[in-house]
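Accompanying notes for the structure given below.
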Amino acid sequence: MSDLLAKLYPQHLRTLRDRADAALARGGFDHLVVAAGVLRDQFLDDRPYPFAVNPHFKHWLPVTKAPGSWIAYTPGQKPKLIYLQPRDYWHVVPEAPAGYWVEHFDVAIIHEARDALAHLPKSLPRCAIIGEDIAALGEAKPNNPDRVLNYLHWQRSYKTDYELAMLRVASKLGVRAHCAAEAAFRAGKSEYDINTAYLNAVHETENELPYGNIIALNQHGAILHYTDLNRAPPAHADSFLIDAGASFHGYASDITRTYAATPAREFQELIDAVDAAQRGFVQRVRRGQNYADLHVHAHHVLAGILREQDFIRLSAEGAVESGVSSAFFPHGLGHPLGLQVHDVAGFQKDESGGTIPRPPGHPYLRFTRTLEPRMVTTIEPGIYFIDMLLARLKAGPHAQDVNWPKVDAFRRYGGIRIEDDVVCTEGEPENLTRDAFAAA
Ligand code: GLY
Ligand code: MN
Ligand code: MN
């Protein structure tokens with residue numbers, strides 16, 4: 001793997017340098033400075049929150065645990081890494097830089113955070129400084145200029161070959177752990193123990209994962225971001241929804257599967273229908289496909305399933321127009337994926353910024369752009385039985401269009417979500433998740 005990354009990295013770096021050159025020209029700056037970030041203590045305590053590196057920093061190099069470090073880049077020059085290795089016997093000191101990327105940087109090792117200042121460009125007002133406010137070091141205060149950030153965020157949507165290689169690995173790691181989690185579910189384990197099986201297989205700590213695992217048995221599947229972990233197994237585990245990913249050098253996978261216990265055949269039938277629909281949506285991840293249109297298309301298809309399986313008794317069109325479909329599918333079809341699980345620029349109009357609004361009535365959609373090769377998106381349709389939304393539906397004008405005995409019988413399963421990570425290419429979409437399951 002590291003041979004492949006070593007081979008792909010120089011082109012990745014060239015692309016980042018080209019993008020930085022263009023971004024600086026647009027913003028009228030001479031240097032790009034990126035703060036990795038700093039540790040932040042919890043209120044009235046001396047324990048820091050888990051460190052989350054600035055995504056702009058890990059874009060340049062596969063280093064995610066280097067608080068107090070900086071990158072400084074000046075067009076035409078080798079980028080510089082100012083790397084903090086504190087003299088500290090209380091904590092782990094970040095390892096000396098090593099690997100395929102090191103030769104591409106001028107590396108300055110510092111031992112005190114404040115010493116970074118001496119290595120940054122002399123004229124700080126000529127710098128676009130990207131980072132959190134609290135990363136400020138003396139006069140080196142992050143200014144995060146819009147013109148620079150908008151351009152960089154727009155370009156970040158187009159993954160380099162190096163990044164796609166990273167994302168493939170992140171998917172493989174996540175799928176390996178999903179298989180372990182399914183086995184734990186089939187063995188009757190609790191949510192807590194399923195999560196432990198996942199962590200053992202993914203070989204990452206919870207802080208290293210790209211987001212908090214969602215491990216939901218039965219009705220818990222109806223809580224979209226359920227992150228409790230019941231210690232005791234339920235008397236009967238009828239269904240299992242798992243939304244969990246993995247990180248590889250700061251790149252994320254975001255994967256959801258839903259399983260029915262063997263006797264729950266009626267629920268399996270609904271899972272199969274959502275699964276078939278999901279594969280159809282993945283097939284539409286192609287150049288020129290507008291994502292908001294795909295989301296609305298998904299509503300029509302899912303409403304069709306609800307009608308075919310006799311949950312609702314109005315047409316798919318009627319269900320979408322009236323908002324009935326949103327009671328069962330109340331989130332977006334997906335979002336850009338990359339260095340962040342919900343990656344940047346999902347609504348951006350062009351490289352200068354701007355916003356493409358969501359279609360009315362779809363407040364949770366995170367992606368409204370038109371797909372192009374090298375974009376990576378999730379495709380994650382769902383059908384849920386959420387008490388709060390069903391109560392609203394029952395109190396509304398379309399209550400009589402719902403087959404309540406059937407809907408009520410499905411509440412105990414919680415819901416279904418099936419989520420794959422998909423690369424838009426010049427031809428067939430590349431399904432990172434299904435490829436990884438096929439190989440597992
Ligand atoms: N895991 C969060 C999401 O699917 O967006
Ligand atoms: Mn997702
Ligand atoms: Mn997810």
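Each chain of the structure tokens is named A, B, ... in the order shown, its residues numbered from 1; ligands are numbered from 1 in display order.
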
If you count only C-alpha atoms and all ligand atoms, which residues end up within 9 Å of ligand 3, as a list in words?
Tyr211, Asn213, Ile214, His225, Ile242, Asp243, Ala244, Gly245, Ser253, Asp254, Ile255, Thr256, Gly334, Val341, Thr378, Glu380, Arg417, Ile418, Glu419 and Asp420 of chain A

Do a neighbour search on Arg284 of chain A at 8 Å with only C-alpha atoms, toss out local chain neighbours closer than 3 positions, and write the hits as a PyMOL selection string.
chain A and resi 280-281+289+294+429

Filtered DSSP result for segment 3-75 of chain A, state helix (DSSP H, G or I), as a ChimeraX atom specification
/A:3-27,55-60

Dump of N, CA, C and O atoms for the selected residues, as a short mmCIF file (atom, residue, chain, number, x, y, z; two decimals), in the first residue's frame:
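Result written to selection.cif:
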```
data_model
loop_
_atom_site.label_atom_id
_atom_site.label_comp_id
_atom_site.auth_asym_id
_atom_site.auth_seq_id
_atom_site.Cartn_x
_atom_site.Cartn_y
_atom_site.Cartn_z
N ASP A 3 3.77 1.64 -1.10
CA ASP A 3 4.39 1.82 -2.43
C ASP A 3 3.45 2.59 -3.35
O ASP A 3 3.87 3.50 -4.07
N LEU A 4 2.19 2.19 -3.32
CA LEU A 4 1.20 2.85 -4.18
C LEU A 4 1.06 4.32 -3.78
O LEU A 4 1.06 5.22 -4.63
N LEU A 5 0.97 4.56 -2.48
CA LEU A 5 0.80 5.94 -2.01
C LEU A 5 2.03 6.77 -2.38
O LEU A 5 1.91 7.93 -2.78
N ALA A 6 3.21 6.16 -2.23
CA ALA A 6 4.45 6.88 -2.59
C ALA A 6 4.43 7.26 -4.06
O ALA A 6 4.89 8.34 -4.45
N LYS A 7 3.88 6.39 -4.87
CA LYS A 7 3.83 6.63 -6.32
C LYS A 7 2.82 7.75 -6.64
O LYS A 7 3.06 8.58 -7.51
N LEU A 8 1.72 7.76 -5.92
CA LEU A 8 0.64 8.71 -6.24
C LEU A 8 0.84 10.07 -5.57
O LEU A 8 0.28 11.07 -6.03
N TYR A 9 1.60 10.11 -4.50
CA TYR A 9 1.69 11.35 -3.70
C TYR A 9 2.24 12.55 -4.47
O TYR A 9 1.68 13.66 -4.35
N PRO A 10 3.32 12.38 -5.27
CA PRO A 10 3.86 13.58 -5.93
C PRO A 10 2.82 14.31 -6.80
O PRO A 10 2.75 15.54 -6.79
N GLN A 11 1.99 13.54 -7.50
CA GLN A 11 0.96 14.20 -8.33
C GLN A 11 -0.09 14.89 -7.45
O GLN A 11 -0.57 15.98 -7.78
N HIS A 12 -0.42 14.26 -6.34
CA HIS A 12 -1.36 14.88 -5.40
C HIS A 12 -0.82 16.22 -4.93
O HIS A 12 -1.51 17.24 -4.94
N LEU A 13 0.46 16.22 -4.56
CA LEU A 13 1.06 17.44 -4.04
C LEU A 13 1.13 18.52 -5.14
O LEU A 13 0.88 19.70 -4.88
N ARG A 14 1.44 18.07 -6.36
CA ARG A 14 1.46 19.03 -7.47
C ARG A 14 0.09 19.67 -7.63
O ARG A 14 -0.04 20.88 -7.83
N THR A 15 -0.94 18.87 -7.54
CA THR A 15 -2.31 19.39 -7.67
C THR A 15 -2.60 20.39 -6.55
O THR A 15 -3.16 21.47 -6.79
N LEU A 16 -2.22 20.05 -5.34
CA LEU A 16 -2.47 20.97 -4.22
C LEU A 16 -1.70 22.28 -4.38
O LEU A 16 -2.20 23.35 -4.05
N ARG A 17 -0.49 22.15 -4.89
CA ARG A 17 0.30 23.39 -5.10
C ARG A 17 -0.36 24.25 -6.17
O ARG A 17 -0.47 25.48 -6.01
N ASP A 18 -0.81 23.61 -7.27
CA ASP A 18 -1.49 24.38 -8.33
C ASP A 18 -2.73 25.07 -7.77
O ASP A 18 -3.01 26.24 -8.07
N ARG A 19 -3.48 24.33 -6.97
CA ARG A 19 -4.70 24.92 -6.40
C ARG A 19 -4.35 26.07 -5.45
O ARG A 19 -5.03 27.10 -5.44
N ALA A 20 -3.32 25.88 -4.66
CA ALA A 20 -2.91 26.94 -3.73
C ALA A 20 -2.47 28.18 -4.51
O ALA A 20 -2.80 29.31 -4.14
N ASP A 21 -1.71 27.95 -5.60
CA ASP A 21 -1.26 29.09 -6.42
C ASP A 21 -2.47 29.90 -6.89
O ASP A 21 -2.50 31.13 -6.80
N ALA A 22 -3.46 29.18 -7.41
CA ALA A 22 -4.65 29.87 -7.95
C ALA A 22 -5.44 30.54 -6.82
O ALA A 22 -5.92 31.67 -6.99
N ALA A 23 -5.55 29.87 -5.69
CA ALA A 23 -6.32 30.44 -4.57
C ALA A 23 -5.65 31.72 -4.05
O ALA A 23 -6.33 32.71 -3.76
N LEU A 24 -4.31 31.69 -3.96
CA LEU A 24 -3.59 32.87 -3.46
C LEU A 24 -3.74 34.03 -4.45
O LEU A 24 -3.92 35.18 -4.04
N ALA A 25 -3.67 33.71 -5.73
CA ALA A 25 -3.82 34.76 -6.74
C ALA A 25 -5.21 35.39 -6.62
O ALA A 25 -5.37 36.61 -6.68
N ARG A 26 -6.23 34.56 -6.44
CA ARG A 26 -7.59 35.08 -6.30
C ARG A 26 -7.74 35.95 -5.06
O ARG A 26 -8.45 36.96 -5.07
N GLY A 27 -7.09 35.54 -3.98
CA GLY A 27 -7.24 36.28 -2.72
C GLY A 27 -6.29 37.45 -2.62
O GLY A 27 -6.44 38.29 -1.73
N PRO A 55 -8.69 20.01 8.60
CA PRO A 55 -8.70 19.20 7.37
C PRO A 55 -7.77 19.75 6.28
O PRO A 55 -7.24 18.99 5.47
N HIS A 56 -7.56 21.07 6.26
CA HIS A 56 -6.63 21.63 5.27
C HIS A 56 -5.21 21.14 5.51
O HIS A 56 -4.41 21.05 4.57
N PHE A 57 -4.89 20.85 6.74
CA PHE A 57 -3.55 20.36 7.07
C PHE A 57 -3.38 18.93 6.58
O PHE A 57 -2.43 18.60 5.87
N LYS A 58 -4.34 18.08 6.91
CA LYS A 58 -4.18 16.67 6.51
C LYS A 58 -4.39 16.46 5.02
O LYS A 58 -4.14 15.38 4.50
N HIS A 59 -4.87 17.48 4.34
CA HIS A 59 -4.93 17.41 2.87
C HIS A 59 -3.52 17.37 2.27
O HIS A 59 -3.29 16.71 1.27
N TRP A 60 -2.60 18.07 2.90
CA TRP A 60 -1.25 18.19 2.35
C TRP A 60 -0.37 16.99 2.68
O TRP A 60 0.55 16.65 1.94
#
```

Using DSSP on the backbone coordinates, identify the residues of segment 125-296 of chain A assigned to strand (DSSP E or B); present them as number ranges by chain.
A: 127-130, 137, 140, 214-217, 239-244, 247-248, 251-252, 255-260, 290

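Minimum distance to ligand 1 across A:His297, A:Lys349, A:Arg257, A:His203 (counting only C-alpha atoms and all ligand atoms) occurs at A:Arg257.
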
Tell me which protein, DNA and RNA residues are within 10 Å of Val175 of chain A, counting only C-alpha atoms, leaving out same-chain ones fewer than 3 positions away, and put them as number ranges by chain.
A: 169-172, 178-181, 198, 201-202, 244-246, 253-256, 432-440

Just the selected residues (N, CA and C atoms), exported as an mmCIF file, in the first residue's frame, please.
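So the final result, stored in part-v5.cif, reads:
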```
data_model
loop_
_atom_site.group_PDB
_atom_site.id
_atom_site.type_symbol
_atom_site.label_atom_id
_atom_site.label_comp_id
_atom_site.auth_asym_id
_atom_site.auth_seq_id
_atom_site.Cartn_x
_atom_site.Cartn_y
_atom_site.Cartn_z
ATOM 1 N N VAL A 169 -9.071 2.387 0.881
ATOM 2 C CA VAL A 169 -8.608 1.698 2.089
ATOM 3 C C VAL A 169 -9.580 1.960 3.249
ATOM 4 N N ALA A 170 -10.008 3.202 3.395
ATOM 5 C CA ALA A 170 -10.953 3.523 4.484
ATOM 6 C C ALA A 170 -12.215 2.667 4.355
ATOM 7 N N SER A 171 -12.665 2.441 3.132
ATOM 8 C CA SER A 171 -13.852 1.598 2.926
ATOM 9 C C SER A 171 -13.570 0.152 3.303
ATOM 10 N N LYS A 172 -12.405 -0.349 2.908
ATOM 11 C CA LYS A 172 -12.059 -1.746 3.251
ATOM 12 C C LYS A 172 -12.014 -1.946 4.761
ATOM 13 N N HIS A 178 -17.664 -3.970 9.717
ATOM 14 C CA HIS A 178 -19.104 -4.218 9.561
ATOM 15 C C HIS A 178 -19.386 -5.720 9.584
ATOM 16 N N CYS A 179 -18.524 -6.503 8.957
ATOM 17 C CA CYS A 179 -18.743 -7.957 8.937
ATOM 18 C C CYS A 179 -18.673 -8.519 10.357
ATOM 19 N N ALA A 180 -17.720 -8.018 11.139
ATOM 20 C CA ALA A 180 -17.599 -8.477 12.529
ATOM 21 C C ALA A 180 -18.834 -8.064 13.333
ATOM 22 N N ALA A 181 -19.338 -6.865 13.063
ATOM 23 C CA ALA A 181 -20.512 -6.381 13.796
ATOM 24 C C ALA A 181 -21.744 -7.208 13.434
ATOM 25 N N TYR A 198 -16.918 -4.287 16.622
ATOM 26 C CA TYR A 198 -16.570 -3.376 15.518
ATOM 27 C C TYR A 198 -15.186 -2.760 15.746
ATOM 28 N N ALA A 201 -12.296 -5.053 15.244
ATOM 29 C CA ALA A 201 -12.022 -5.387 13.845
ATOM 30 C C ALA A 201 -11.466 -4.193 13.069
ATOM 31 N N VAL A 202 -11.911 -2.996 13.429
ATOM 32 C CA VAL A 202 -11.458 -1.828 12.656
ATOM 33 C C VAL A 202 -10.072 -1.373 13.127
ATOM 34 N N ALA A 244 -21.407 3.078 10.556
ATOM 35 C CA ALA A 244 -20.071 3.209 11.142
ATOM 36 C C ALA A 244 -19.042 3.223 10.017
ATOM 37 N N GLY A 245 -17.982 3.963 10.234
ATOM 38 C CA GLY A 245 -16.955 4.085 9.196
ATOM 39 C C GLY A 245 -15.575 3.805 9.748
ATOM 40 N N ALA A 246 -14.589 4.205 8.975
ATOM 41 C CA ALA A 246 -13.195 4.054 9.385
ATOM 42 C C ALA A 246 -12.419 5.224 8.801
ATOM 43 N N SER A 253 -14.512 6.701 5.637
ATOM 44 C CA SER A 253 -15.612 5.966 5.009
ATOM 45 C C SER A 253 -16.832 6.151 5.890
ATOM 46 N N ASP A 254 -18.006 5.991 5.302
ATOM 47 C CA ASP A 254 -19.282 6.241 5.980
ATOM 48 C C ASP A 254 -20.253 5.204 5.435
ATOM 49 N N ILE A 255 -20.512 4.172 6.231
ATOM 50 C CA ILE A 255 -21.184 2.972 5.721
ATOM 51 C C ILE A 255 -22.353 2.605 6.629
ATOM 52 N N THR A 256 -23.502 2.324 6.034
ATOM 53 C CA THR A 256 -24.643 1.858 6.826
ATOM 54 C C THR A 256 -25.209 0.579 6.226
ATOM 55 N N LEU A 432 -17.294 2.168 -3.701
ATOM 56 C CA LEU A 432 -16.202 1.762 -2.804
ATOM 57 C C LEU A 432 -16.694 0.744 -1.777
ATOM 58 N N THR A 433 -17.916 0.935 -1.321
ATOM 59 C CA THR A 433 -18.441 0.083 -0.251
ATOM 60 C C THR A 433 -18.756 -1.315 -0.764
ATOM 61 N N ARG A 434 -19.492 -1.388 -1.865
ATOM 62 C CA ARG A 434 -19.880 -2.730 -2.375
ATOM 63 C C ARG A 434 -18.638 -3.467 -2.884
ATOM 64 N N ASP A 435 -17.702 -2.729 -3.454
ATOM 65 C CA ASP A 435 -16.447 -3.392 -3.879
ATOM 66 C C ASP A 435 -15.758 -4.010 -2.669
ATOM 67 N N ALA A 436 -15.768 -3.275 -1.567
ATOM 68 C CA ALA A 436 -15.087 -3.787 -0.364
ATOM 69 C C ALA A 436 -15.847 -4.984 0.212
ATOM 70 N N PHE A 437 -17.180 -4.930 0.198
ATOM 71 C CA PHE A 437 -17.951 -6.100 0.692
ATOM 72 C C PHE A 437 -17.695 -7.300 -0.208
ATOM 73 N N ALA A 438 -17.613 -7.073 -1.519
ATOM 74 C CA ALA A 438 -17.395 -8.191 -2.441
ATOM 75 C C ALA A 438 -16.043 -8.829 -2.192
ATOM 76 N N ALA A 439 -15.069 -8.004 -1.844
ATOM 77 C CA ALA A 439 -13.707 -8.526 -1.624
ATOM 78 C C ALA A 439 -13.558 -9.154 -0.242
ATOM 79 N N ALA A 440 -14.455 -8.820 0.675
ATOM 80 C CA ALA A 440 -14.266 -9.269 2.088
ATOM 81 C C ALA A 440 -14.540 -10.770 2.221
#
```

Write out as an mmCIF file with N, CA, C and O atoms, in the first residue's frame which residues come within 8 Å of Pro86 of chain A when counting only C-alpha atoms, dropping same-chain ones fewer than 4 positions away.
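Final file, part-v1.cif:
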```cif
data_model
loop_
_atom_site.group_PDB
_atom_site.id
_atom_site.type_symbol
_atom_site.label_atom_id
_atom_site.label_comp_id
_atom_site.auth_asym_id
_atom_site.auth_seq_id
_atom_site.Cartn_x
_atom_site.Cartn_y
_atom_site.Cartn_z
ATOM 1 N N VAL A 93 4.948 12.269 22.469
ATOM 2 C CA VAL A 93 5.453 13.304 21.576
ATOM 3 C C VAL A 93 5.282 12.785 20.138
ATOM 4 O O VAL A 93 5.620 11.636 19.865
ATOM 5 N N ILE A 110 10.439 21.975 15.714
ATOM 6 C CA ILE A 110 10.458 22.917 16.841
ATOM 7 C C ILE A 110 10.058 22.165 18.108
ATOM 8 O O ILE A 110 9.398 21.121 18.038
ATOM 9 N N HIS A 111 10.442 22.705 19.233
ATOM 10 C CA HIS A 111 10.129 22.038 20.505
ATOM 11 C C HIS A 111 9.197 22.861 21.378
ATOM 12 O O HIS A 111 8.698 22.375 22.382
ATOM 13 N N GLU A 112 8.990 24.116 20.999
ATOM 14 C CA GLU A 112 8.046 24.987 21.709
ATOM 15 C C GLU A 112 7.076 25.520 20.668
ATOM 16 O O GLU A 112 7.512 25.973 19.593
ATOM 17 N N ALA A 113 5.788 25.526 20.994
ATOM 18 C CA ALA A 113 4.786 25.967 20.019
ATOM 19 C C ALA A 113 5.103 27.366 19.488
ATOM 20 O O ALA A 113 4.973 27.639 18.297
#
```

Residue neighbourhood Gly323 of chain A, 10 Å, only C-alpha atoms, exclusion window fewer than 4 positions, as a ChimeraX atom specification
/A:299,317-319,327-330,361-362,393,398

Identify, on the basis of only C-alpha atoms, every residue whose closest approach to Gly338 of chain A does not exceed 9 Å; exclude the query and any residue fewer than 6 positions from it along the same chain; express the result as a VMD selection string.
chain A and resid 156 to 157 159 163 to 164 167 250 to 253 344 376 to 377

I need the residues from that last selection saved to file as a PDB file, in the first residue's frame (with N, CA and C atoms), if you can.
```
ATOM      1  N   ARG A 156     -11.511  20.898  -3.603  1.00  0.00           N
ATOM      2  CA  ARG A 156     -11.396  19.692  -2.767  1.00  0.00           C
ATOM      3  C   ARG A 156     -12.428  18.642  -3.136  1.00  0.00           C
ATOM      4  N   SER A 157     -13.475  19.063  -3.830  1.00  0.00           N
ATOM      5  CA  SER A 157     -14.487  18.101  -4.273  1.00  0.00           C
ATOM      6  C   SER A 157     -13.918  17.104  -5.277  1.00  0.00           C
ATOM      7  N   LYS A 159     -11.314  14.657  -6.141  1.00  0.00           N
ATOM      8  CA  LYS A 159     -10.274  13.887  -5.456  1.00  0.00           C
ATOM      9  C   LYS A 159      -9.161  13.502  -6.417  1.00  0.00           C
ATOM     10  N   GLU A 163      -5.942  10.466  -3.229  1.00  0.00           N
ATOM     11  CA  GLU A 163      -7.065  10.510  -2.291  1.00  0.00           C
ATOM     12  C   GLU A 163      -8.034   9.348  -2.512  1.00  0.00           C
ATOM     13  N   LEU A 164      -8.262   9.007  -3.780  1.00  0.00           N
ATOM     14  CA  LEU A 164      -9.160   7.873  -4.055  1.00  0.00           C
ATOM     15  C   LEU A 164      -8.570   6.585  -3.494  1.00  0.00           C
ATOM     16  N   LEU A 167      -9.321   6.586   0.148  1.00  0.00           N
ATOM     17  CA  LEU A 167     -10.731   6.313   0.426  1.00  0.00           C
ATOM     18  C   LEU A 167     -11.063   4.838   0.225  1.00  0.00           C
ATOM     19  N   GLY A 250      -6.686  10.097   7.753  1.00  0.00           N
ATOM     20  CA  GLY A 250      -7.551  11.271   7.765  1.00  0.00           C
ATOM     21  C   GLY A 250      -8.667  11.237   6.745  1.00  0.00           C
ATOM     22  N   TYR A 251      -8.744  10.212   5.916  1.00  0.00           N
ATOM     23  CA  TYR A 251      -9.849  10.076   4.960  1.00  0.00           C
ATOM     24  C   TYR A 251     -10.887   9.122   5.538  1.00  0.00           C
ATOM     25  N   ALA A 252     -12.157   9.414   5.248  1.00  0.00           N
ATOM     26  CA  ALA A 252     -13.253   8.732   5.934  1.00  0.00           C
ATOM     27  C   ALA A 252     -13.995   7.759   5.031  1.00  0.00           C
ATOM     28  N   SER A 253     -14.512   6.701   5.637  1.00  0.00           N
ATOM     29  CA  SER A 253     -15.612   5.966   5.009  1.00  0.00           C
ATOM     30  C   SER A 253     -16.832   6.151   5.890  1.00  0.00           C
ATOM     31  N   VAL A 344     -16.758  19.352   2.581  1.00  0.00           N
ATOM     32  CA  VAL A 344     -17.114  20.742   2.284  1.00  0.00           C
ATOM     33  C   VAL A 344     -17.713  20.884   0.877  1.00  0.00           C
ATOM     34  N   VAL A 376     -16.813  12.412  -4.723  1.00  0.00           N
ATOM     35  CA  VAL A 376     -17.179  11.227  -3.954  1.00  0.00           C
ATOM     36  C   VAL A 376     -18.373  11.598  -3.089  1.00  0.00           C
ATOM     37  N   THR A 377     -19.390  10.758  -3.154  1.00  0.00           N
ATOM     38  CA  THR A 377     -20.619  11.043  -2.415  1.00  0.00           C
ATOM     39  C   THR A 377     -21.100   9.788  -1.707  1.00  0.00           C
TER      40      THR A 377
END
```

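Rounded to one decimal, atom CA of Val148 of chain A and atom CA of Asp293 of chain A lie 29.3 Å from each other.
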
So which one's closest to Ala52 of chain A, A:Asn144, A:Asn207, A:Asn150, A:Asn218? Using only C-alpha atoms, please.
A:Asn207

Between atom CA of Ala187 of chain A and atom CA of Gln219 of chain A, what is the distance, to one decimal in Å?
18.9 Å

What is the atom 1 (Mn, counted along the ligand's line) of ligand 2 to atom CA of Pro233 of chain A distance in Å?
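Between these atoms lies a distance of 26.3 Å.
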
Nearest to Ala216 of chain A among A:Tyr158, A:Phe385, A:Phe248, A:Tyr259, with distances taken over only C-alpha atoms: which residue is it?
A:Tyr259
